[in-house]
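Next up, target.csv (CSV, C-alpha atoms):
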chain,number,residue,atom,x,y,z
A,1,MET,CA,0.0,0.0,0.0
A,2,ASN,CA,1.0,3.6,-0.7
A,3,PHE,CA,0.7,5.4,2.6
A,4,SER,CA,0.8,9.2,2.6
A,5,SER,CA,2.1,9.2,6.2
A,6,LYS,CA,4.7,7.2,8.1
A,7,LEU,CA,2.6,7.5,11.3
A,8,LEU,CA,-0.3,6.0,9.5
A,9,GLU,CA,1.8,3.2,8.1
A,10,ASN,CA,3.2,2.3,11.5
A,11,ALA,CA,-0.2,2.2,13.1
A,12,VAL,CA,-1.6,0.0,10.3
A,13,ALA,CA,1.4,-2.3,10.5
A,14,GLU,CA,0.8,-2.7,14.3
A,15,PHE,CA,-2.9,-3.6,13.8
A,16,ALA,CA,-2.1,-5.9,10.9
A,17,LYS,CA,0.0,-8.1,13.3
A,18,LEU,CA,-3.2,-9.0,15.2
A,19,PRO,CA,-4.7,-12.4,14.3
A,20,GLY,CA,-7.3,-12.3,11.6
A,21,VAL,CA,-6.6,-8.6,10.8
A,22,GLY,CA,-5.2,-7.9,7.3
A,23,GLN,CA,-3.9,-4.7,5.9
A,24,LYS,CA,-7.3,-3.4,4.7
A,25,THR,CA,-9.0,-4.1,8.0
A,26,ALA,CA,-6.1,-2.6,9.9
A,27,LEU,CA,-6.4,0.6,7.8
A,28,ARG,CA,-10.2,0.7,8.4
A,29,LEU,CA,-9.6,0.4,12.2
A,30,VAL,CA,-6.8,3.0,12.2
A,31,LEU,CA,-8.9,5.5,10.2
A,32,TYR,CA,-11.8,4.9,12.6
A,33,LEU,CA,-9.5,5.8,15.6
A,34,LEU,CA,-8.2,8.9,13.7
A,35,LYS,CA,-11.8,10.2,13.7
A,36,GLN,CA,-12.3,9.8,17.4
A,37,ASP,CA,-11.4,12.3,20.2
A,38,LYS,CA,-7.8,12.4,21.4
A,39,ALA,CA,-9.0,11.4,24.9
A,40,GLU,CA,-10.8,8.4,23.6
A,41,VAL,CA,-7.8,7.1,21.6
A,42,GLU,CA,-5.5,7.8,24.6
A,43,GLN,CA,-7.9,5.6,26.7
A,44,PHE,CA,-7.6,2.8,24.2
A,45,SER,CA,-3.9,3.0,24.0
A,46,HIS,CA,-3.7,3.2,27.8
A,47,ALA,CA,-5.9,0.2,28.4
A,48,VAL,CA,-3.8,-1.9,26.1
A,49,SER,CA,-0.5,-0.9,27.7
A,50,LYS,CA,-1.9,-1.2,31.3
A,51,LEU,CA,-3.3,-4.6,30.5
A,52,ARG,CA,0.1,-6.0,29.4
A,53,ASN,CA,2.1,-4.4,32.2
A,54,GLU,CA,-0.2,-5.0,35.2
A,55,ILE,CA,-2.0,-8.2,34.5
A,56,GLN,CA,-1.3,-11.2,36.8
A,57,PHE,CA,-1.9,-14.8,36.5
A,58,CYS,CA,-3.4,-16.7,39.5
A,59,THR,CA,-0.5,-18.7,41.1
A,60,THR,CA,-2.8,-21.6,41.7
A,61,CYS,CA,-4.8,-22.1,38.5
A,62,HIS,CA,-2.9,-19.7,36.1
A,63,ASN,CA,-6.1,-18.0,35.0
A,64,ILE,CA,-5.8,-14.2,34.2
A,65,SER,CA,-6.4,-12.3,37.5
A,66,ASP,CA,-5.9,-8.9,39.1
A,67,LYS,CA,-4.7,-10.5,42.3
A,68,PRO,CA,-2.0,-13.2,43.1
A,69,VAL,CA,-4.8,-15.7,43.8
A,70,CYS,CA,-7.9,-15.4,41.6
A,71,GLU,CA,-11.5,-15.1,42.9
A,72,ILE,CA,-12.4,-18.7,42.1
A,73,CYS,CA,-9.4,-20.2,43.7
A,74,SER,CA,-9.8,-18.1,46.9
A,75,SER,CA,-13.6,-18.7,47.2
A,76,PRO,CA,-14.7,-21.0,50.0
A,77,LYS,CA,-17.9,-21.7,48.2
A,78,ARG,CA,-16.2,-23.7,45.4
A,79,ASP,CA,-15.4,-27.4,45.5
A,80,HIS,CA,-11.6,-27.4,45.6
A,81,SER,CA,-11.4,-31.2,45.1
A,82,LEU,CA,-12.8,-30.9,41.6
A,83,ILE,CA,-10.4,-29.5,39.1
A,84,CYS,CA,-11.4,-28.7,35.5
A,85,ILE,CA,-8.4,-28.6,33.0
A,86,VAL,CA,-8.9,-26.0,30.3
A,87,GLU,CA,-6.8,-24.5,27.5
A,88,ASP,CA,-7.2,-20.8,28.3
A,89,THR,CA,-9.2,-18.1,30.1
A,90,ARG,CA,-11.9,-18.1,27.4
A,91,ASP,CA,-12.8,-21.6,28.3
A,92,VAL,CA,-13.1,-20.6,32.0
A,93,MET,CA,-15.4,-17.8,31.0
A,94,ALA,CA,-17.5,-20.2,28.8
A,95,ILE,CA,-17.9,-22.7,31.6
A,96,GLU,CA,-18.6,-20.1,34.2
A,97,ASN,CA,-21.4,-18.7,32.0
A,98,THR,CA,-23.2,-22.1,32.1
A,99,ASN,CA,-23.6,-21.8,35.9
A,100,GLN,CA,-23.3,-25.6,36.0
A,101,TYR,CA,-19.9,-26.0,37.5
A,102,ASN,CA,-18.9,-25.4,41.1
A,103,GLY,CA,-15.3,-26.7,41.1
A,104,VAL,CA,-12.0,-24.9,40.4
A,105,TYR,CA,-9.9,-24.7,37.3
A,106,HIS,CA,-6.4,-25.3,36.0
A,107,VAL,CA,-5.5,-23.2,32.9
A,108,LEU,CA,-2.9,-25.0,30.7
A,109,GLY,CA,-2.1,-22.0,28.6
A,110,GLY,CA,-2.3,-24.0,25.3
A,111,LEU,CA,-2.5,-27.5,24.0
A,112,ILE,CA,0.3,-29.9,23.1
A,113,SER,CA,0.9,-29.4,19.4
A,114,PRO,CA,4.2,-30.8,17.9
A,115,MET,CA,3.3,-29.1,14.6
A,116,ASP,CA,3.5,-25.7,16.3
A,117,GLY,CA,6.4,-26.7,18.5
A,118,ILE,CA,4.4,-26.6,21.7
A,119,GLY,CA,5.3,-29.4,24.2
A,120,PRO,CA,4.3,-30.1,27.8
A,121,ALA,CA,7.1,-27.8,29.1
A,122,ASP,CA,5.4,-24.8,27.5
A,123,LEU,CA,2.2,-25.5,29.4
A,124,THR,CA,1.4,-25.4,33.2
A,125,VAL,CA,1.6,-29.2,33.5
A,126,ASP,CA,4.4,-29.2,36.2
A,127,SER,CA,2.4,-26.7,38.2
A,128,LEU,CA,-0.6,-29.0,38.0
A,129,VAL,CA,1.4,-32.0,39.2
A,130,GLU,CA,2.8,-30.0,42.1
A,131,ARG,CA,-0.7,-28.8,42.9
A,132,LEU,CA,-2.0,-32.3,43.0
A,133,THR,CA,1.0,-33.5,45.1
A,134,GLN,CA,0.4,-30.8,47.7
A,135,ASN,CA,-3.3,-30.6,47.9
A,136,GLY,CA,-4.7,-33.7,46.2
A,137,ALA,CA,-8.1,-33.7,44.4
A,138,ALA,CA,-11.1,-36.1,44.0
A,139,GLU,CA,-11.6,-35.7,40.3
A,140,ILE,CA,-10.0,-34.1,37.3
A,141,ILE,CA,-12.3,-33.1,34.4
A,142,PHE,CA,-10.7,-32.5,31.0
A,143,ALA,CA,-12.6,-29.8,29.2
A,144,LEU,CA,-10.4,-29.5,26.1
A,145,SER,CA,-11.3,-28.9,22.4
A,146,ALA,CA,-12.3,-32.0,20.5
A,147,THR,CA,-9.3,-31.7,18.2
A,148,MET,CA,-6.2,-33.7,17.6
A,149,GLU,CA,-4.3,-31.3,19.9
A,150,GLY,CA,-6.9,-31.6,22.6
A,151,ASP,CA,-6.9,-35.4,22.4
A,152,THR,CA,-3.1,-35.5,22.5
A,153,THR,CA,-3.0,-33.3,25.5
A,154,ILE,CA,-5.6,-35.4,27.4
A,155,PHE,CA,-3.6,-38.6,26.5
A,156,TYR,CA,-0.4,-37.1,27.8
A,157,LEU,CA,-2.0,-35.8,31.0
A,158,HIS,CA,-3.7,-39.1,31.6
A,159,LYS,CA,-0.3,-40.8,31.6
A,160,ARG,CA,1.3,-38.1,33.7
A,161,LEU,CA,-1.5,-38.1,36.4
A,162,LYS,CA,-2.2,-41.9,36.5
A,163,HIS,CA,-0.2,-42.5,39.7
A,164,PHE,CA,-2.3,-40.0,41.7
A,165,ASN,CA,-5.2,-42.5,41.4
A,166,LEU,CA,-7.8,-39.8,40.8
A,167,LYS,CA,-11.0,-40.1,38.9
A,168,LEU,CA,-10.3,-38.7,35.4
A,169,SER,CA,-13.2,-37.7,33.2
A,170,THR,CA,-13.7,-35.7,30.0
A,171,ILE,CA,-16.7,-33.5,29.1
A,172,ALA,CA,-19.4,-35.4,27.1
A,173,ARG,CA,-19.1,-35.2,23.3
A,174,GLY,CA,-22.0,-35.8,21.0
A,175,ILE,CA,-24.7,-34.0,19.1
A,176,ALA,CA,-25.4,-30.4,20.4
A,177,PHE,CA,-28.8,-29.7,21.9
A,178,GLY,CA,-31.1,-28.4,19.2
A,179,GLY,CA,-28.8,-29.9,16.5
A,180,GLU,CA,-30.4,-31.6,13.5
A,181,LEU,CA,-29.0,-35.0,12.6
A,182,GLU,CA,-28.5,-34.3,8.9
A,183,TYR,CA,-26.2,-31.4,9.6
A,184,VAL,CA,-24.0,-33.2,12.1
A,185,ASP,CA,-20.5,-34.3,10.7
A,186,GLU,CA,-19.9,-38.1,10.3
A,187,ILE,CA,-17.2,-38.3,13.1
A,188,THR,CA,-19.4,-36.8,15.7
A,189,LEU,CA,-22.4,-38.8,14.6
A,190,GLY,CA,-20.5,-42.1,14.5
A,191,ARG,CA,-18.9,-41.5,17.9
A,192,SER,CA,-22.2,-40.5,19.5
A,193,ILE,CA,-23.7,-43.8,18.3
A,194,THR,CA,-20.8,-45.9,19.7
A,195,THR,CA,-20.8,-43.9,23.0
A,196,ARG,CA,-24.6,-44.0,23.3
A,197,VAL,CA,-26.1,-43.7,26.8
A,198,SER,CA,-29.2,-45.5,28.1
A,199,TYR,CA,-32.3,-43.4,27.7
A,200,GLU,CA,-33.1,-43.6,31.4
A,201,SER,CA,-29.7,-42.2,32.4
A,202,SER,CA,-30.0,-39.4,29.9
A,203,LEU,CA,-33.3,-38.4,31.5
A,204,SER,CA,-31.8,-38.1,35.0
A,205,LYS,CA,-29.3,-35.5,33.9
B,1,MET,CA,-19.2,-12.1,29.7
B,2,ASN,CA,-17.8,-13.1,33.0
B,3,PHE,CA,-14.3,-11.6,33.2
B,4,SER,CA,-11.8,-12.8,35.8
B,5,SER,CA,-10.0,-9.4,35.6
B,6,LYS,CA,-11.0,-5.8,35.5
B,7,LEU,CA,-7.9,-5.0,33.3
B,8,LEU,CA,-8.9,-7.6,30.8
B,9,GLU,CA,-12.5,-6.4,30.8
B,10,ASN,CA,-11.4,-2.8,30.1
B,11,ALA,CA,-9.1,-3.8,27.3
B,12,VAL,CA,-11.8,-5.9,25.7
B,13,ALA,CA,-14.3,-3.1,26.0
B,14,GLU,CA,-11.9,-0.7,24.2
B,15,PHE,CA,-11.3,-3.1,21.3
B,16,ALA,CA,-15.1,-3.9,21.1
B,17,LYS,CA,-15.6,-0.2,20.3
B,18,LEU,CA,-13.8,-0.6,16.9
B,19,PRO,CA,-16.0,-1.1,13.9
B,20,GLY,CA,-16.8,-4.7,13.0
B,21,VAL,CA,-15.2,-6.0,16.3
B,22,GLY,CA,-17.6,-7.7,18.7
B,23,GLN,CA,-16.9,-8.9,22.2
B,24,LYS,CA,-15.6,-12.3,21.1
B,25,THR,CA,-13.2,-10.9,18.5
B,26,ALA,CA,-12.1,-8.2,21.0
B,27,LEU,CA,-11.3,-10.9,23.6
B,28,ARG,CA,-9.3,-12.9,21.0
B,29,LEU,CA,-7.3,-9.9,20.0
B,30,VAL,CA,-6.6,-9.0,23.7
B,31,LEU,CA,-5.6,-12.5,24.6
B,32,TYR,CA,-3.2,-12.4,21.6
B,33,LEU,CA,-1.6,-9.2,22.9
B,34,LEU,CA,-1.3,-10.7,26.3
B,35,LYS,CA,0.9,-13.5,24.9
B,36,GLN,CA,3.2,-11.0,23.2
B,37,ASP,CA,6.4,-9.5,24.7
B,38,LYS,CA,5.8,-6.3,26.8
B,39,ALA,CA,8.0,-4.3,24.4
B,40,GLU,CA,5.8,-5.4,21.5
B,41,VAL,CA,2.6,-4.4,23.2
B,42,GLU,CA,4.2,-1.1,24.2
B,43,GLN,CA,5.1,-0.5,20.6
B,44,PHE,CA,1.4,-1.2,19.6
B,45,SER,CA,0.0,1.1,22.2
B,46,HIS,CA,2.6,3.8,21.4
B,47,ALA,CA,1.9,3.7,17.6
B,48,VAL,CA,-1.8,4.3,18.3
B,49,SER,CA,-1.3,7.1,20.7
B,50,LYS,CA,1.4,8.8,18.5
B,51,LEU,CA,-0.8,8.5,15.4
B,52,ARG,CA,-3.7,10.3,17.0
B,53,ASN,CA,-1.6,13.0,18.6
B,54,GLU,CA,0.9,13.8,15.9
B,55,ILE,CA,-0.9,13.2,12.6
B,56,GLN,CA,-1.5,16.2,10.4
B,57,PHE,CA,-3.8,16.9,7.5
B,58,CYS,CA,-2.5,18.5,4.3
B,59,THR,CA,-3.7,22.2,4.4
B,60,THR,CA,-4.3,22.0,0.6
B,61,CYS,CA,-6.0,18.7,-0.1
B,62,HIS,CA,-6.8,17.5,3.5
B,63,ASN,CA,-5.2,14.1,3.0
B,64,ILE,CA,-3.5,12.5,6.0
B,65,SER,CA,0.1,13.7,6.0
B,66,ASP,CA,3.2,14.0,8.2
B,67,LYS,CA,3.9,17.6,7.0
B,68,PRO,CA,1.7,20.7,6.6
B,69,VAL,CA,1.6,20.2,2.8
B,70,CYS,CA,1.5,16.6,1.6
B,71,GLU,CA,4.0,15.1,-0.9
B,72,ILE,CA,1.5,15.0,-3.7
B,73,CYS,CA,0.5,18.7,-3.3
B,74,SER,CA,4.1,19.8,-3.0
B,75,SER,CA,5.3,17.7,-6.0
B,76,PRO,CA,6.2,19.8,-9.1
B,77,LYS,CA,5.8,16.6,-11.2
B,78,ARG,CA,2.0,16.5,-10.6
B,79,ASP,CA,-0.5,18.3,-12.7
B,80,HIS,CA,-2.0,20.8,-10.3
B,81,SER,CA,-4.8,21.9,-12.7
B,82,LEU,CA,-6.4,18.5,-12.4
B,83,ILE,CA,-8.2,17.9,-9.1
B,84,CYS,CA,-9.7,14.6,-8.2
B,85,ILE,CA,-12.4,14.8,-5.5
B,86,VAL,CA,-12.4,11.7,-3.2
B,87,GLU,CA,-14.1,10.7,0.1
B,88,ASP,CA,-11.1,9.7,2.2
B,89,THR,CA,-7.5,8.8,2.3
B,90,ARG,CA,-8.2,5.2,1.3
B,91,ASP,CA,-9.5,6.4,-2.1
B,92,VAL,CA,-6.3,8.4,-2.6
B,93,MET,CA,-4.3,5.2,-1.9
B,94,ALA,CA,-6.4,3.2,-4.3
B,95,ILE,CA,-6.0,5.7,-7.1
B,96,GLU,CA,-2.3,6.1,-6.5
B,97,ASN,CA,-1.9,2.3,-6.7
B,98,THR,CA,-3.3,2.4,-10.3
B,99,ASN,CA,-0.4,4.6,-11.4
B,100,GLN,CA,-2.8,6.0,-14.0
B,101,TYR,CA,-3.4,9.5,-12.4
B,102,ASN,CA,-1.0,12.4,-12.3
B,103,GLY,CA,-3.1,15.2,-11.0
B,104,VAL,CA,-3.7,16.2,-7.4
B,105,TYR,CA,-6.5,15.4,-4.9
B,106,HIS,CA,-9.1,17.0,-2.6
B,107,VAL,CA,-10.2,14.8,0.3
B,108,LEU,CA,-13.8,15.6,1.4
B,109,GLY,CA,-13.6,13.7,4.6
B,110,GLY,CA,-17.0,12.0,4.0
B,111,LEU,CA,-20.0,12.2,1.8
B,112,ILE,CA,-23.2,14.2,2.2
B,113,SER,CA,-25.7,11.9,4.0
B,114,PRO,CA,-28.8,13.4,5.6
B,115,MET,CA,-29.6,10.0,7.2
B,116,ASP,CA,-26.3,10.2,9.2
B,117,GLY,CA,-26.6,14.0,9.8
B,118,ILE,CA,-23.6,14.8,7.5
B,119,GLY,CA,-24.1,18.0,5.6
B,120,PRO,CA,-21.7,20.0,3.3
B,121,ALA,CA,-20.5,21.9,6.4
B,122,ASP,CA,-19.0,18.7,7.8
B,123,LEU,CA,-16.9,18.2,4.7
B,124,THR,CA,-14.0,20.2,3.2
B,125,VAL,CA,-16.2,21.8,0.6
B,126,ASP,CA,-15.6,25.5,1.6
B,127,SER,CA,-11.8,24.8,1.5
B,128,LEU,CA,-12.3,23.4,-2.1
B,129,VAL,CA,-14.2,26.5,-3.2
B,130,GLU,CA,-11.5,28.7,-1.7
B,131,ARG,CA,-8.8,26.6,-3.3
B,132,LEU,CA,-10.5,27.0,-6.7
B,133,THR,CA,-11.0,30.8,-6.2
B,134,GLN,CA,-7.3,31.3,-5.4
B,135,ASN,CA,-5.6,28.9,-7.8
B,136,GLY,CA,-8.2,27.9,-10.3
B,137,ALA,CA,-8.1,24.5,-12.1
B,138,ALA,CA,-8.7,23.0,-15.5
B,139,GLU,CA,-10.8,20.0,-14.6
B,140,ILE,CA,-12.4,18.4,-11.5
B,141,ILE,CA,-12.9,14.7,-11.5
B,142,PHE,CA,-15.4,13.2,-9.1
B,143,ALA,CA,-14.2,9.8,-7.9
B,144,LEU,CA,-16.9,9.1,-5.3
B,145,SER,CA,-18.6,5.8,-4.5
B,146,ALA,CA,-21.5,4.8,-6.8
B,147,THR,CA,-24.0,5.1,-4.0
B,148,MET,CA,-26.9,7.4,-3.1
B,149,GLU,CA,-24.5,9.5,-0.9
B,150,GLY,CA,-21.9,9.7,-3.6
B,151,ASP,CA,-24.4,10.8,-6.2
B,152,THR,CA,-25.9,13.4,-3.8
B,153,THR,CA,-22.5,14.8,-3.0
B,154,ILE,CA,-21.6,15.1,-6.7
B,155,PHE,CA,-24.9,16.8,-7.4
B,156,TYR,CA,-24.3,19.3,-4.6
B,157,LEU,CA,-20.7,20.0,-5.6
B,158,HIS,CA,-21.8,20.4,-9.3
B,159,LYS,CA,-24.2,23.2,-8.3
B,160,ARG,CA,-21.7,24.7,-5.9
B,161,LEU,CA,-18.8,24.7,-8.5
B,162,LYS,CA,-20.9,25.6,-11.6
B,163,HIS,CA,-19.9,29.3,-11.7
B,164,PHE,CA,-16.2,28.4,-11.9
B,165,ASN,CA,-16.8,27.2,-15.5
B,166,LEU,CA,-14.5,24.2,-15.1
B,167,LYS,CA,-14.7,20.9,-16.8
B,168,LEU,CA,-16.5,18.5,-14.4
B,169,SER,CA,-16.2,14.8,-14.9
B,170,THR,CA,-16.9,11.6,-13.0
B,171,ILE,CA,-15.0,8.3,-13.2
B,172,ALA,CA,-16.6,5.8,-15.6
B,173,ARG,CA,-19.1,3.4,-14.2
B,174,GLY,CA,-20.0,0.1,-15.9
B,175,ILE,CA,-19.0,-3.5,-15.9
B,176,ALA,CA,-15.7,-4.3,-14.2
B,177,PHE,CA,-12.9,-5.7,-16.3
B,178,GLY,CA,-13.1,-9.5,-16.1
B,179,GLY,CA,-16.8,-9.3,-15.0
B,180,GLU,CA,-19.2,-11.8,-16.4
B,181,LEU,CA,-22.5,-10.4,-17.6
B,182,GLU,CA,-24.7,-12.9,-15.7
B,183,TYR,CA,-23.3,-11.8,-12.3
B,184,VAL,CA,-23.7,-8.1,-12.9
B,185,ASP,CA,-26.5,-6.4,-11.0
B,186,GLU,CA,-29.4,-5.0,-13.0
B,187,ILE,CA,-28.8,-1.3,-12.3
B,188,THR,CA,-25.1,-1.4,-13.4
B,189,LEU,CA,-26.0,-3.5,-16.5
B,190,GLY,CA,-28.9,-1.2,-17.4
B,191,ARG,CA,-26.8,2.0,-16.9
B,192,SER,CA,-23.9,0.5,-18.9
B,193,ILE,CA,-26.3,-0.1,-21.8
B,194,THR,CA,-27.7,3.5,-21.8
B,195,THR,CA,-24.2,5.0,-21.4
B,196,ARG,CA,-22.6,2.7,-24.0
B,197,VAL,CA,-19.5,4.0,-25.8
B,198,SER,CA,-18.5,3.6,-29.4
B,199,TYR,CA,-16.3,0.6,-29.9
B,200,GLU,CA,-13.6,2.6,-31.5
B,201,SER,CA,-13.4,5.1,-28.6
B,202,SER,CA,-13.2,2.2,-26.2
B,203,LEU,CA,-10.2,0.8,-28.1
B,204,SER,CA,-8.2,4.0,-27.9
B,205,LYS,CA,-8.3,4.0,-24.0
As structure tokens, please, write out the structure in this file.
Amino acid sequence: MNFSSKLLENAVAEFAKLPGVGQKTALRLVLYLLKQDKAEVEQFSHAVSKLRNEIQFCTTCHNISDKPVCEICSSPKRDHSLICIVEDTRDVMAIENTNQYNGVYHVLGGLISPMDGIGPADLTVDSLVERLTQNGAAEIIFALSATMEGDTTIFYLHKRLKHFNLKLSTIARGIAFGGELEYVDEITLGRSITTRVSYESSLSK
Amino acid sequence: MNFSSKLLENAVAEFAKLPGVGQKTALRLVLYLLKQDKAEVEQFSHAVSKLRNEIQFCTTCHNISDKPVCEICSSPKRDHSLICIVEDTRDVMAIENTNQYNGVYHVLGGLISPMDGIGPADLTVDSLVERLTQNGAAEIIFALSATMEGDTTIFYLHKRLKHFNLKLSTIARGIAFGGELEYVDEITLGRSITTRVSYESSLSK
């Protein structure tokens, strides 16, 4: 692109680094910011800078937090013997929004992916092992994406955590509520037939 | 959404103000920034703040510029008697990328749109009139979007500039090069039949 200003070019280049944002979208966002009040843009820039410099991660579950120990980990109302393993903070938010879970979390910070060069050492696995060694737990729930990376990570963790003799479970996979059979992909449909549950037990949930 | 951190929530709220960015996209962008180096994020935040505080607009054509008079307006190689009227700096970039235009520009900063409360006073129309009064011009080319707002703006400017006795032209509208007839919308196809050009004159261009 043929920029008339170096400042504009720099700002567009910075926005274009964001995932899913190309040059054209970056330019559109930057021109939008240019039309806003100076105070408004300063607030935007300040929020970004403050976020990166002041954010903390909970020392127990590694979720994003404003305090050394997050609200969930420090709450006496939660069941601390039930640990849900998730990839990142978005998954914690998604599960919290269901209001169906009263345990605590452990945020891995990613999934094992040899293709992307991400191994167990890049995740918070050691911290999880230490946490279990110190405090124990009754059950570990794997709530990871139903992808190759998710399955690999579950398999690795399952081997790593076997000696703790905990109950290990994964969230149920199958056809979504409201989903129509003809639009479901074959793998999901095939798996949901082989892992079928008795009608009576499905009613009780 | 159920944020575990106020800092995170603020940053997401700021990103979600951008056009075309919803809460989920904003969260994805913010989490991406959180994974980057502090220096990198500082650079992003700095580029945005610097852009808004230091950017200038060319006093002649109102295009975004780092200097009081932009490179195009100060270039002796350009034809200053040919002024192309465009909506914003993106249009200048698009036309410059064609390498087919050697005149100068005038950036309106928007289009007349009563629906959005944008009238001629919100655009750089007065500055254009003054520019023509002082320096004159041989031809004005309207390169505005082929929309209701674009047509309204051309109509208004045509009335406003009539007494200068300039040649006024608009960029050609019709079927795009490489376009297949069956996919062209009716209005464009209809207009391109009524405004057909002789085969010989189309060859010479």
Using all atoms listed in the file and a cut-off of 7 Å, which residues of chain B sit close to chain A? Please list them as a PyMOL selection string.
chain B and resi 1-8+10-11+14+18-19+29+34+38+41-42+44-45+47-49+51-53+55+64-66+93+97
Work out how far apart CA of Asn135 (chain B) and CA of Tyr101 (chain B) are and give it in Å to one decimal.
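Going from CA of Asn135 (chain B) over to CA of Tyr101 (chain B) covers 20.1 Å.
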Computed interatomic separation between CA of His62 (chain A) and CA of His106 (chain A) (Å):
6.6 Å
Closest of A:Thr60, A:Glu87, A:Leu181, A:Ala26 to Gln134 (chain A), counting all atoms listed in the file, is A:Thr60
Calculate how many Å separate CA of Val129 (chain A) from CA of Asp116 (chain A), rounding to one decimal.
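It comes out at 23.8 Å.
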Using the atoms already present, construct N, CA, C and O atoms for region 6-20 of chain A and hand them back as a short mmCIF file (atom, residue, chain, number, x, y, z; two decimals), in the coordinates of the input.
data_model
loop_
_atom_site.label_atom_id
_atom_site.label_comp_id
_atom_site.auth_asym_id
_atom_site.auth_seq_id
_atom_site.Cartn_x
_atom_site.Cartn_y
_atom_site.Cartn_z
N LYS A 6 3.93 8.28 7.44
CA LYS A 6 4.70 7.20 8.10
C LYS A 6 3.96 6.81 9.42
O LYS A 6 3.94 5.63 9.77
N LEU A 7 3.36 7.78 10.10
CA LEU A 7 2.60 7.50 11.30
C LEU A 7 1.47 6.53 11.05
O LEU A 7 1.22 5.59 11.78
N LEU A 8 0.78 6.82 9.95
CA LEU A 8 -0.30 6.00 9.50
C LEU A 8 0.14 4.60 9.22
O LEU A 8 -0.43 3.59 9.66
N GLU A 9 1.24 4.54 8.47
CA GLU A 9 1.80 3.20 8.10
C GLU A 9 2.18 2.40 9.28
O GLU A 9 1.89 1.21 9.34
N ASN A 10 2.83 3.04 10.26
CA ASN A 10 3.20 2.30 11.50
C ASN A 10 2.03 1.76 12.21
O ASN A 10 2.04 0.61 12.64
N ALA A 11 1.00 2.60 12.39
CA ALA A 11 -0.20 2.20 13.10
C ALA A 11 -0.86 1.02 12.41
O ALA A 11 -1.29 0.04 13.03
N VAL A 12 -0.94 1.11 11.08
CA VAL A 12 -1.60 0.00 10.30
C VAL A 12 -0.76 -1.25 10.44
O VAL A 12 -1.32 -2.33 10.63
N ALA A 13 0.57 -1.12 10.40
CA ALA A 13 1.40 -2.30 10.50
C ALA A 13 1.22 -2.98 11.87
O ALA A 13 1.19 -4.21 11.97
N GLU A 14 1.05 -2.17 12.93
CA GLU A 14 0.80 -2.70 14.30
C GLU A 14 -0.49 -3.50 14.33
O GLU A 14 -0.56 -4.59 14.88
N PHE A 15 -1.55 -2.90 13.79
CA PHE A 15 -2.90 -3.60 13.80
C PHE A 15 -2.84 -4.82 12.96
O PHE A 15 -3.49 -5.80 13.29
N ALA A 16 -2.09 -4.78 11.85
CA ALA A 16 -2.10 -5.90 10.90
C ALA A 16 -1.38 -7.13 11.53
O ALA A 16 -1.49 -8.24 11.02
N LYS A 17 -0.66 -6.93 12.64
CA LYS A 17 0.00 -8.10 13.30
C LYS A 17 -1.06 -8.89 14.10
O LYS A 17 -0.80 -10.04 14.43
N LEU A 18 -2.19 -8.29 14.42
CA LEU A 18 -3.20 -9.00 15.20
C LEU A 18 -3.78 -10.16 14.38
O LEU A 18 -3.87 -10.06 13.16
N PRO A 19 -4.19 -11.25 15.04
CA PRO A 19 -4.70 -12.40 14.30
C PRO A 19 -6.00 -12.10 13.59
O PRO A 19 -6.89 -11.50 14.19
N GLY A 20 -6.07 -12.47 12.31
CA GLY A 20 -7.30 -12.30 11.60
C GLY A 20 -7.48 -10.85 11.04
O GLY A 20 -8.52 -10.52 10.49
#
